[in-house]
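Q: Provided below: final35.cif, containing mmCIF, C-alpha atoms.
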```
data_run
#
loop_
_atom_site.group_PDB
_atom_site.id
_atom_site.type_symbol
_atom_site.label_atom_id
_atom_site.label_comp_id
_atom_site.auth_asym_id
_atom_site.auth_seq_id
_atom_site.Cartn_x
_atom_site.Cartn_y
_atom_site.Cartn_z
ATOM 1 C CA LYS A 5 0.000 0.000 0.000
ATOM 2 C CA SER A 6 3.026 2.285 -0.322
ATOM 3 C CA GLU A 7 2.686 5.281 -2.613
ATOM 4 C CA PRO A 8 3.846 4.550 -6.195
ATOM 5 C CA GLN A 9 7.080 6.224 -7.205
ATOM 6 C CA LYS A 10 7.398 8.503 -10.197
ATOM 7 C CA GLY A 11 7.234 6.575 -13.457
ATOM 8 C CA GLU A 12 5.728 3.450 -11.861
ATOM 9 C CA THR A 13 2.580 1.872 -13.173
ATOM 10 C CA THR A 14 -0.230 0.513 -11.058
ATOM 11 C CA MET A 15 -2.914 -2.047 -11.879
ATOM 12 C CA THR A 16 -6.371 -1.260 -10.539
ATOM 13 C CA SER A 17 -9.487 -3.408 -10.574
ATOM 14 C CA THR A 18 -12.586 -2.076 -12.333
ATOM 15 C CA LEU A 19 -16.089 -3.409 -12.732
ATOM 16 C CA ARG A 20 -15.478 -4.285 -16.380
ATOM 17 C CA GLY A 21 -12.007 -5.741 -15.983
ATOM 18 C CA PHE A 22 -8.657 -4.213 -15.184
ATOM 19 C CA GLU A 23 -6.463 -1.460 -16.534
ATOM 20 C CA VAL A 24 -2.794 -0.521 -16.204
ATOM 21 C CA VAL A 25 -2.500 3.163 -15.320
ATOM 22 C CA ASP A 26 0.603 5.353 -15.209
ATOM 23 C CA SER A 27 0.744 6.867 -11.725
ATOM 24 C CA VAL A 28 1.959 10.248 -13.000
ATOM 25 C CA THR A 29 0.146 10.848 -16.289
ATOM 26 C CA THR A 30 -2.861 8.607 -15.441
ATOM 27 C CA ASN A 31 -2.724 7.303 -19.020
ATOM 28 C CA VAL A 32 -4.392 3.940 -19.474
ATOM 29 C CA TYR A 33 -2.074 1.534 -21.264
ATOM 30 C CA TYR A 34 -4.163 -1.593 -21.296
ATOM 31 C CA TRP A 35 -7.791 -2.451 -20.676
ATOM 32 C CA VAL A 36 -9.424 -5.881 -20.550
ATOM 33 C CA PRO A 37 -13.246 -6.135 -20.706
ATOM 34 C CA ASP A 38 -14.904 -8.116 -17.946
ATOM 35 C CA VAL A 39 -15.048 -11.410 -19.787
ATOM 36 C CA MET A 40 -16.265 -13.196 -16.652
ATOM 37 C CA LEU A 41 -19.454 -11.137 -16.419
ATOM 38 C CA ARG A 42 -20.237 -11.608 -20.101
ATOM 39 C CA VAL A 43 -19.664 -15.373 -19.953
ATOM 40 C CA HIS A 44 -21.866 -15.804 -16.897
ATOM 41 C CA LEU A 45 -24.657 -13.730 -18.417
ATOM 42 C CA GLU A 46 -24.635 -16.046 -21.417
ATOM 43 C CA SER A 47 -24.733 -19.017 -19.041
ATOM 44 C CA LEU A 48 -27.935 -17.679 -17.462
ATOM 45 C CA ALA A 49 -29.624 -17.657 -20.861
ATOM 46 C CA ASP A 50 -28.394 -21.133 -21.892
ATOM 47 C CA ILE A 51 -31.313 -23.454 -21.205
ATOM 48 C CA ASN A 52 -29.037 -26.523 -21.358
ATOM 49 C CA GLU A 53 -26.607 -25.301 -18.712
ATOM 50 C CA GLU A 54 -26.588 -27.351 -15.491
ATOM 51 C CA TYR A 55 -28.509 -25.941 -12.537
ATOM 52 C CA GLU A 56 -25.447 -25.758 -10.270
ATOM 53 C CA MET A 57 -23.510 -23.802 -12.877
ATOM 54 C CA LYS A 58 -26.418 -21.413 -13.345
ATOM 55 C CA GLU A 59 -26.588 -20.715 -9.619
ATOM 56 C CA TYR A 60 -22.838 -20.121 -9.540
ATOM 57 C CA ALA A 61 -23.100 -17.754 -12.508
ATOM 58 C CA LEU A 62 -26.138 -16.012 -11.007
ATOM 59 C CA ASN A 63 -24.331 -15.255 -7.745
ATOM 60 C CA ILE A 64 -21.473 -13.655 -9.662
ATOM 61 C CA VAL A 65 -23.784 -11.602 -11.867
ATOM 62 C CA LYS A 66 -25.817 -10.369 -8.890
ATOM 63 C CA ARG A 67 -22.653 -9.387 -7.018
ATOM 64 C CA LYS A 68 -21.280 -7.493 -9.994
ATOM 65 C CA MET A 69 -24.583 -5.703 -10.567
ATOM 66 C CA ASP A 70 -24.568 -4.707 -6.889
ATOM 67 C CA ASP A 71 -21.055 -3.305 -7.332
ATOM 68 C CA LEU A 72 -22.111 -1.446 -10.448
ATOM 69 C CA TYR A 73 -25.122 0.166 -8.766
ATOM 70 C CA SER A 74 -22.994 1.202 -5.797
ATOM 71 C CA LEU A 75 -21.067 3.650 -7.996
ATOM 72 C CA PRO A 76 -21.834 7.264 -7.011
ATOM 73 C CA ASP A 77 -22.339 8.209 -10.671
ATOM 74 C CA ILE A 78 -24.505 5.218 -11.591
ATOM 75 C CA MET A 79 -27.277 7.485 -12.910
ATOM 76 C CA SER A 80 -25.006 8.720 -15.700
ATOM 77 C CA LYS A 81 -23.629 5.293 -16.658
ATOM 78 C CA ASP A 82 -24.568 3.829 -20.025
ATOM 79 C CA LEU A 83 -25.120 0.103 -19.440
ATOM 80 C CA ARG A 84 -26.335 -0.858 -22.886
ATOM 81 C CA GLY A 85 -23.137 -2.827 -23.527
ATOM 82 C CA LEU A 86 -24.125 -5.533 -21.036
ATOM 83 C CA ASN A 87 -25.552 -8.346 -23.138
ATOM 84 C CA ARG A 88 -28.512 -10.224 -21.596
ATOM 85 C CA VAL A 89 -29.134 -7.353 -19.152
ATOM 86 C CA VAL A 90 -31.674 -4.775 -20.311
ATOM 87 C CA THR A 91 -31.362 -1.316 -18.764
ATOM 88 C CA VAL A 92 -33.933 1.446 -19.141
ATOM 89 C CA SER A 93 -34.234 4.874 -17.573
ATOM 90 C CA ASP A 94 -36.324 8.026 -17.667
ATOM 91 C CA PRO A 95 -35.917 10.104 -20.865
ATOM 92 C CA ASP A 96 -33.554 12.573 -19.152
ATOM 93 C CA ASN A 97 -31.539 9.817 -17.459
ATOM 94 C CA LYS A 98 -31.770 11.674 -14.148
ATOM 95 C CA VAL A 99 -34.667 10.171 -12.171
ATOM 96 C CA PHE A 100 -34.218 6.404 -12.285
ATOM 97 C CA LYS A 101 -32.379 3.535 -13.907
ATOM 98 C CA VAL A 102 -33.437 -0.125 -13.768
ATOM 99 C CA SER A 103 -31.599 -3.216 -15.019
ATOM 100 C CA THR A 104 -33.498 -6.486 -15.442
ATOM 101 C CA TYR A 105 -32.517 -9.960 -16.629
ATOM 102 C CA CYS A 106 -33.776 -13.518 -16.406
ATOM 103 C CA VAL A 107 -32.512 -17.051 -15.829
ATOM 104 C CA SER A 108 -33.875 -19.842 -18.024
ATOM 105 C CA TYR A 109 -33.799 -23.411 -16.692
ATOM 106 C CA SER A 110 -33.925 -26.753 -18.505
ATOM 107 C CA ASP A 111 -37.487 -27.419 -17.269
ATOM 108 C CA PHE A 112 -38.553 -24.211 -19.096
ATOM 109 C CA THR A 113 -39.088 -22.264 -15.885
ATOM 110 C CA THR A 114 -37.648 -18.782 -15.605
ATOM 111 C CA SER A 115 -36.697 -16.494 -12.757
ATOM 112 C CA PHE A 116 -36.338 -12.737 -13.052
ATOM 113 C CA PHE A 117 -33.861 -10.460 -11.338
ATOM 114 C CA GLY A 118 -33.323 -6.744 -11.260
ATOM 115 C CA ILE A 119 -31.746 -3.817 -9.531
ATOM 116 C CA MET A 120 -32.645 -0.162 -9.750
ATOM 117 C CA ALA A 121 -31.568 3.275 -8.583
ATOM 118 C CA HIS A 122 -33.632 6.429 -8.274
ATOM 119 C CA ASN A 123 -32.720 9.995 -7.455
ATOM 120 C CA ASP A 124 -34.681 12.008 -4.906
ATOM 121 C CA ASN A 125 -33.437 15.568 -4.354
ATOM 122 C CA GLY A 126 -29.836 14.595 -5.064
ATOM 123 C CA LYS A 127 -29.806 11.416 -2.971
ATOM 124 C CA VAL A 128 -29.643 8.122 -4.866
ATOM 125 C CA TYR A 129 -31.479 5.103 -3.467
ATOM 126 C CA VAL A 130 -30.787 1.577 -4.691
ATOM 127 C CA ASP A 131 -33.297 -1.292 -4.513
ATOM 128 C CA LYS A 132 -32.995 -4.933 -5.490
ATOM 129 C CA LEU A 133 -36.006 -6.399 -7.286
ATOM 130 C CA GLU A 134 -37.223 -9.709 -5.871
ATOM 131 C CA ASP A 135 -39.365 -11.752 -8.261
ATOM 132 C CA LYS A 136 -42.473 -12.948 -6.377
ATOM 133 C CA THR A 137 -44.585 -13.835 -9.422
ATOM 134 C CA ASP A 138 -45.746 -17.129 -7.921
ATOM 135 C CA ASP A 139 -46.993 -15.373 -4.765
ATOM 136 C CA ILE A 140 -49.023 -12.724 -6.579
ATOM 137 C CA LEU A 141 -52.516 -14.155 -6.967
ATOM 138 C CA SER A 142 -54.015 -11.192 -8.858
ATOM 139 C CA PRO A 143 -51.133 -9.792 -10.913
ATOM 140 C CA GLU A 144 -53.223 -7.108 -12.623
ATOM 141 C CA ARG A 145 -54.370 -5.508 -9.378
ATOM 142 C CA GLY A 146 -52.571 -3.975 -6.439
ATOM 143 C CA VAL A 147 -49.478 -1.882 -5.753
ATOM 144 C CA LEU A 148 -46.261 -3.886 -5.421
ATOM 145 C CA SER A 149 -42.778 -3.069 -4.133
ATOM 146 C CA PRO A 150 -39.203 -3.985 -5.061
ATOM 147 C CA ALA A 151 -39.376 -6.733 -2.419
ATOM 148 C CA LYS A 152 -42.571 -8.105 -4.002
ATOM 149 C CA TRP A 153 -42.095 -7.604 -7.706
ATOM 150 C CA TYR A 154 -43.962 -9.046 -10.686
ATOM 151 C CA GLY A 155 -40.776 -10.035 -12.489
ATOM 152 C CA ALA A 156 -40.236 -9.003 -16.094
ATOM 153 C CA VAL A 157 -37.535 -7.710 -18.417
ATOM 154 C CA TYR A 158 -38.347 -4.088 -19.266
ATOM 155 C CA TYR A 159 -37.494 -2.678 -22.678
ATOM 156 C CA ASN A 160 -39.249 0.701 -22.930
ATOM 157 C CA VAL A 161 -40.341 3.632 -20.738
ATOM 158 C CA ILE A 162 -43.193 6.075 -21.408
ATOM 159 C CA PRO A 163 -43.816 8.912 -18.905
ATOM 160 C CA ILE A 164 -47.394 9.883 -18.149
ATOM 161 C CA VAL A 165 -48.718 12.663 -15.901
ATOM 162 C CA ILE A 166 -52.001 12.052 -14.071
ATOM 163 C CA GLU A 167 -53.379 14.737 -11.754
ATOM 164 C CA LYS A 168 -49.975 16.452 -11.682
ATOM 165 C CA LYS A 169 -48.212 13.253 -10.575
ATOM 166 C CA LEU A 170 -45.538 11.743 -12.799
ATOM 167 C CA TYR A 171 -45.644 8.021 -13.527
ATOM 168 C CA TYR A 172 -43.428 5.896 -15.756
ATOM 169 C CA THR A 173 -45.059 3.208 -17.873
ATOM 170 C CA LEU A 174 -42.792 0.200 -18.421
ATOM 171 C CA LEU A 175 -43.198 -2.278 -21.262
ATOM 172 C CA GLY A 176 -41.840 -5.714 -20.424
ATOM 173 C CA TYR A 177 -41.870 -9.379 -21.284
ATOM 174 C CA LYS A 178 -41.546 -12.742 -19.577
ATOM 175 C CA ALA A 179 -39.698 -15.555 -21.314
ATOM 176 C CA SER A 180 -41.558 -18.672 -22.391
ATOM 177 C CA ASP A 181 -42.249 -21.424 -19.863
ATOM 178 C CA GLY A 182 -42.438 -23.893 -22.726
ATOM 179 C CA LEU A 183 -46.118 -23.231 -23.382
ATOM 180 C CA VAL A 184 -46.853 -19.559 -22.747
ATOM 181 C CA LYS A 185 -45.158 -16.193 -23.192
ATOM 182 C CA THR A 186 -46.224 -13.040 -21.363
ATOM 183 C CA ARG A 187 -46.173 -9.308 -22.039
ATOM 184 C CA VAL A 188 -46.486 -6.828 -19.182
ATOM 185 C CA ILE A 189 -47.426 -3.151 -18.977
ATOM 186 C CA GLU A 190 -46.266 -1.895 -15.586
ATOM 187 C CA VAL A 191 -46.375 1.510 -13.869
ATOM 188 C CA LEU A 192 -43.507 2.873 -11.785
ATOM 189 C CA SER A 193 -43.656 5.834 -9.385
ATOM 190 C CA PHE A 194 -41.668 7.301 -6.523
ATOM 191 C CA LYS A 195 -42.340 9.097 -3.258
ATOM 192 C CA GLY A 196 -39.166 10.019 -1.425
ATOM 193 C CA LYS A 197 -37.126 6.859 -1.051
ATOM 194 C CA LYS A 198 -40.144 4.610 -1.644
ATOM 195 C CA VAL A 199 -40.700 2.801 -4.950
ATOM 196 C CA ALA A 200 -44.152 1.676 -6.113
ATOM 197 C CA PHE A 201 -44.972 -0.706 -8.940
ATOM 198 C CA GLY A 202 -48.536 -0.447 -10.152
ATOM 199 C CA ALA A 203 -51.219 2.249 -10.155
ATOM 200 C CA PRO A 204 -54.927 2.234 -11.119
ATOM 201 C CA LEU A 205 -54.283 3.874 -14.485
ATOM 202 C CA PHE A 206 -55.542 1.234 -16.931
ATOM 203 C CA LEU A 207 -59.157 1.820 -17.899
ATOM 204 C CA HIS A 208 -60.571 -1.225 -19.682
ATOM 205 C CA GLU A 209 -64.270 -0.893 -20.419
ATOM 206 C CA LYS A 210 -65.813 -0.654 -16.916
ATOM 207 C CA ALA A 211 -62.823 -2.037 -14.988
ATOM 208 C CA THR A 212 -59.630 -0.445 -13.667
ATOM 209 C CA TYR A 213 -56.299 -2.256 -13.413
ATOM 210 C CA HIS A 214 -52.926 -1.517 -11.816
ATOM 211 C CA ARG A 215 -50.985 -3.267 -14.583
ATOM 212 C CA ARG A 216 -51.812 -5.302 -17.660
ATOM 213 C CA VAL A 217 -50.669 -8.867 -18.320
ATOM 214 C CA MET A 218 -51.141 -10.543 -21.713
ATOM 215 C CA LYS A 219 -50.477 -14.255 -22.201
ATOM 216 C CA TYR A 220 -50.148 -16.111 -25.488
ATOM 217 C CA SER A 221 -48.636 -19.183 -27.163
ATOM 218 C CA ALA A 222 -44.909 -19.802 -26.810
ATOM 219 C CA GLN A 223 -44.904 -20.485 -30.555
ATOM 220 C CA ALA A 224 -46.204 -16.989 -31.369
ATOM 221 C CA ASN A 225 -44.803 -13.469 -31.185
ATOM 222 C CA MET A 226 -46.694 -10.448 -29.918
ATOM 223 C CA MET A 227 -46.042 -6.849 -30.911
ATOM 224 C CA MET A 228 -46.373 -4.250 -28.162
ATOM 225 C CA ARG A 229 -44.942 -0.754 -28.605
ATOM 226 C CA TYR A 230 -45.640 2.907 -27.993
ATOM 227 C CA ASP A 231 -46.723 4.986 -30.989
ATOM 228 C CA ASN A 232 -45.792 8.575 -30.207
ATOM 229 C CA ARG A 233 -47.773 9.890 -33.196
ATOM 230 C CA ILE A 234 -51.079 8.892 -31.629
ATOM 231 C CA SER A 235 -49.977 8.737 -27.940
ATOM 232 C CA THR A 236 -51.074 5.102 -27.775
ATOM 233 C CA LEU A 237 -49.671 1.791 -26.608
ATOM 234 C CA VAL A 238 -50.281 -0.419 -29.640
ATOM 235 C CA MET A 239 -50.359 -4.212 -29.474
ATOM 236 C CA ASP A 240 -51.505 -7.252 -31.370
ATOM 237 C CA HIS A 241 -54.993 -8.410 -30.491
ATOM 238 C CA LEU A 242 -54.763 -11.941 -29.090
ATOM 239 C CA SER A 243 -57.401 -14.592 -29.736
ATOM 240 C CA PRO A 244 -57.564 -18.401 -29.437
ATOM 241 C CA SER A 245 -57.070 -20.574 -32.505
ATOM 242 C CA SER A 246 -60.544 -21.984 -31.807
ATOM 243 C CA THR A 247 -63.411 -20.924 -29.559
ATOM 244 C CA MET A 248 -63.052 -24.235 -27.717
ATOM 245 C CA PHE A 249 -59.660 -23.007 -26.417
ATOM 246 C CA ARG A 250 -60.974 -19.771 -24.920
ATOM 247 C CA GLY A 251 -59.052 -19.000 -21.718
ATOM 248 C CA GLN A 252 -56.256 -21.475 -22.538
ATOM 249 C CA TRP A 253 -53.421 -19.072 -23.202
ATOM 250 C CA ARG A 254 -51.122 -21.522 -24.951
ATOM 251 C CA TYR A 255 -53.550 -21.475 -27.887
ATOM 252 C CA TYR A 256 -53.678 -17.679 -28.168
ATOM 253 C CA GLY A 257 -51.890 -15.590 -30.762
ATOM 254 C CA PRO A 258 -52.169 -12.468 -32.944
ATOM 255 C CA ASP A 259 -55.155 -12.420 -35.323
ATOM 256 C CA MET A 260 -54.018 -9.536 -37.583
ATOM 257 C CA SER A 261 -56.021 -6.910 -35.676
ATOM 258 C CA TYR A 262 -54.757 -4.424 -33.109
ATOM 259 C CA ASP A 263 -55.722 -3.144 -29.673
ATOM 260 C CA GLY A 264 -54.201 -0.406 -27.614
ATOM 261 C CA TYR A 265 -54.233 1.942 -24.653
ATOM 262 C CA LYS A 266 -54.541 5.623 -25.464
ATOM 263 C CA MET A 267 -52.981 8.199 -23.141
ATOM 264 C CA THR A 268 -55.655 10.406 -21.533
ATOM 265 C CA LYS A 269 -55.877 12.760 -18.542
ATOM 266 C CA GLN A 270 -57.247 9.850 -16.478
ATOM 267 C CA GLY A 271 -54.661 7.253 -17.505
ATOM 268 C CA TRP A 272 -54.387 4.610 -20.231
ATOM 269 C CA GLU A 273 -57.809 4.048 -21.810
ATOM 270 C CA PHE A 274 -58.406 0.829 -23.749
ATOM 271 C CA ALA A 275 -59.199 1.022 -27.464
ATOM 272 C CA ASN A 276 -59.916 -1.996 -29.630
ATOM 273 C CA ASP A 277 -59.714 -2.614 -33.358
ATOM 274 C CA LEU A 278 -57.162 0.141 -33.936
ATOM 275 C CA ASP A 279 -56.362 1.236 -37.460
ATOM 276 C CA VAL A 280 -52.553 1.031 -37.400
ATOM 277 C CA MET A 281 -50.742 2.564 -40.355
ATOM 278 C CA ASP A 282 -47.014 2.276 -41.086
#
```
Represent the supplied structure as structure tokens.
A:
Amino acid sequence: KSEPQKGETTMTSTLRGFEVVDSVTTNVYYWVPDVMLRVHLESLADINEEYEMKEYALNIVKRKMDDLYSLPDIMSKDLRGLNRVVTVSDPDNKVFKVSTYCVSYSDFTTSFFGIMAHNDNGKVYVDKLEDKTDDILSPERGVLSPAKWYGAVYYNVIPIVIEKKLYYTLLGYKASDGLVKTRVIEVLSFKGKKVAFGAPLFLHEKATYHRRVMKYSAQANMMMRYDNRISTLVMDHLSPSSTMFRGQWRYYGPDMSYDGYKMTKQGWEFANDLDVMD
């Protein structure tokens, strides 16, 4: 731990690998990407990888994500280079940042993991997201917390202001369990250091929901995106391949028509049979 002498080089550990730095000029001579993190992230996605190896890889990934989110400047970090981890943030990249990823097992089950940071008056709070999907009996109703999270991988953020309160709408997906895939529309909000998932902003006919969950066949693909031109969440309409399969999600898929949720002063209002133009 002695101070380096003039002209010496020092090797310092970083979250993405290591670099050799000149102690006087601070020039970086050599940098090695964090191959370990990338390899273990790929292991989590490999459905044929042994369970013990997945758990080993998962522990490493979680530890490294914890280290990453402990950085004082985490809000300004661009994490898009982390394959298999999807990171989204508010449009200004100042309020929150959330990274989500999943583990796929050989029995086609999946587990979701995440970590997030949010800024409240200059103080950054970090929360780990604990997937409690199996414990949530009514996933479309109720406010949840980071400790009781309806796990998903988020890929888009749309802000919405309702009664002068700012909410962030998150579009997400759940990987296939072998039979069914799932799309999720979640709502994120903050009050001081507290994080809330879900809000009664989805108006569907005469019912109100805190989040929306759409299930369909693992063999199908569902489009769900935000169309800024018409301020609407646009998605494929899902229907069963036969009326006899109504309510059996593994037989559902797109039928070439479109539904959506239009942004209003009250929230997201359902609209069916949308006319979607390219």
Q: Can you tell me how far CA of Ala61 (chain A) sits from CA of Tyr109 (chain A), in Å to one decimal?
A: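 Between these atoms lies a distance of 12.8 Å.
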Q: Considering all atoms listed in the file, return as a list of chain:residue names whatever protein or nucleic-acid residues lie within 10 Å of Met218 (chain A), sequence-local ones (same chain, fewer than 2 positions apart) excluded.
A: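 Contacts, with the query itself left out: A:Glu144, A:Tyr177, A:Lys185, A:Thr186, A:Arg187, A:Val188, A:Ile189, A:Arg216, A:Tyr220, A:Met226, A:His241, A:Leu242, A:Trp253, A:Tyr256.
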Q: Save out the residues we just selected, C-alpha atoms, as a JSON list (two decimals), in the frame of the given file.
A:
```
[["chain", "number", "residue", "atom", "x", "y", "z"],
["A", 144, "GLU", "CA", -53.22, -7.11, -12.62],
["A", 177, "TYR", "CA", -41.87, -9.38, -21.28],
["A", 185, "LYS", "CA", -45.16, -16.19, -23.19],
["A", 186, "THR", "CA", -46.22, -13.04, -21.36],
["A", 187, "ARG", "CA", -46.17, -9.31, -22.04],
["A", 188, "VAL", "CA", -46.49, -6.83, -19.18],
["A", 189, "ILE", "CA", -47.43, -3.15, -18.98],
["A", 216, "ARG", "CA", -51.81, -5.30, -17.66],
["A", 220, "TYR", "CA", -50.15, -16.11, -25.49],
["A", 226, "MET", "CA", -46.69, -10.45, -29.92],
["A", 241, "HIS", "CA", -54.99, -8.41, -30.49],
["A", 242, "LEU", "CA", -54.76, -11.94, -29.09],
["A", 253, "TRP", "CA", -53.42, -19.07, -23.20],
["A", 256, "TYR", "CA", -53.68, -17.68, -28.17]]
```
Q: Assuming the chain letters and numbering stay as they are in my file, what does the PyMOL selection byres ((chain A and resi 119) around 8) actually select? List them as a compact mmCIF listing (two decimals) with C-alpha atoms, keeping the file's coordinate frame.
A:
```
# COMPACT_ATOMS: atom_id res chain seq x y z
CA MET A 69 -24.58 -5.70 -10.57
CA ASP A 70 -24.57 -4.71 -6.89
CA TYR A 73 -25.12 0.17 -8.77
CA VAL A 102 -33.44 -0.12 -13.77
CA SER A 103 -31.60 -3.22 -15.02
CA THR A 104 -33.50 -6.49 -15.44
CA PHE A 117 -33.86 -10.46 -11.34
CA GLY A 118 -33.32 -6.74 -11.26
CA MET A 120 -32.65 -0.16 -9.75
CA ALA A 121 -31.57 3.28 -8.58
CA VAL A 130 -30.79 1.58 -4.69
CA ASP A 131 -33.30 -1.29 -4.51
CA LYS A 132 -32.99 -4.93 -5.49
CA LEU A 133 -36.01 -6.40 -7.29
```
Q: Go through the shown structure with the PyMOL selection byres ((chain A and resi 134) around 6) and write out the matching residues as a list in words.
A: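 When the PyMOL selection byres ((chain A and resi 134) around 6) is applied to the shown file, the picked residues are Leu133, Asp135, Ala151, Lys152 and Trp153 of chain A.
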Q: Could you list, as a list in words, every residue within 8 Å of Met227 (chain A), counting all atoms listed in the file and ignoring same-chain residues fewer than 5 positions away?
A: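 Those residues are Val238, Met239 and Asp240 of chain A.
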Q: Calculated over only C-alpha atoms, which of the candidates A:Thr236, A:Ser142, A:Ser221, A:Thr268 has the smallest distance to Ile162 (chain A)?
A: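 Once distances to Ile162 (chain A) are computed over only C-alpha atoms, the minimum belongs to A:Thr236.
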Q: With the file shown as input, list the residues that the PyMOL selection byres ((chain A and resi 160) around 10) selects, as a ChimeraX atom specification.
A: /A:90-94,157-159,161-162,172-176,189,229-230
Q: Enter the distance from CA of His214 (chain A) to CA of Leu148 (chain A), in Å, rounded to one decimal.
A: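 We find that CA of His214 (chain A) and CA of Leu148 (chain A) lie 9.5 Å from each other.
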Q: Measure the distance from CA of Gly257 (chain A) to CA of Arg145 (chain A) in Å and round it to one decimal.
A: 23.8 Å
Q: A:Lys98, A:Lys68, A:Lys266, A:His122: which is nearest Lys198 (chain A), counting all atoms listed in the file?
A: A:His122
Q: So, with all atoms listed in the file as the atoms that count, which of A:Lys136, A:Lys58, A:His44, A:Lys66 lies closest to Ala156 (chain A)?
A: A:Lys136
Q: Around region 162-178 of chain A, with edges along x, y and z and 8 Å added on all six sides, what centre and edge lengths do you get, in Å to one decimal, as AutoDock Vina command-line options?
A:
```
--center_x -47.5 --center_y 1.9 --center_z -16.0 --size_x 27.8 --size_y 45.2 --size_z 26.8
```
Q: Considering all atoms listed in the file, can you say which of A:Tyr265, A:Phe194, A:Tyr60, A:Phe100 comes closest to Ser47 (chain A)?
A: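 Counting all atoms listed in the file, the residue closest to Ser47 (chain A) is A:Tyr60.
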Q: Compile a residue-level contact table for region 168-238 of chain A against region 274-277 of chain A at a cut-off of 12 Å, reporting for every qualifying residue the shortest atom pair and its distance in Å to one decimal, with all atoms listed in the file counted, rows ordered by chain and ascending number, as a tab-separated table.
A:
```
residue	atom	partner	partner_atom	distance
A:Leu205	CA	A:Phe274	CA	10.6
A:Phe206	CA	A:Phe274	CA	7.4
A:Leu207	CA	A:Phe274	CA	6.0
A:His208	CA	A:Phe274	CA	5.0
A:Glu209	CA	A:Phe274	CA	7.0
A:Lys210	CA	A:Phe274	CA	10.2
A:Ala211	CA	A:Phe274	CA	10.2
A:Thr212	CA	A:Phe274	CA	10.2
A:Tyr213	CA	A:Phe274	CA	11.0
A:Arg216	CA	A:Phe274	CA	10.9
A:Thr236	CA	A:Ala275	CA	9.1
A:Leu237	CA	A:Phe274	CA	9.2
A:Val238	CA	A:Ala275	CA	9.3
```
Q: I'd like the contact shell of Glu46 (chain A) - 12 Å cut-off, all atoms listed in the file, skipping same-chain residues fewer than 6 positions apart - returned as a PyMOL selection string.
A: chain A and resi 39-40+52-53+57-58+61-62+65+86-89+105-108
Q: For Lys127 (chain A), which residue among A:Gly196, A:Pro95, A:Pro150, A:Pro163 is the nearest when counting all atoms listed in the file?
A: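 That would be A:Gly196, the residue with the smallest distance to Lys127 (chain A).
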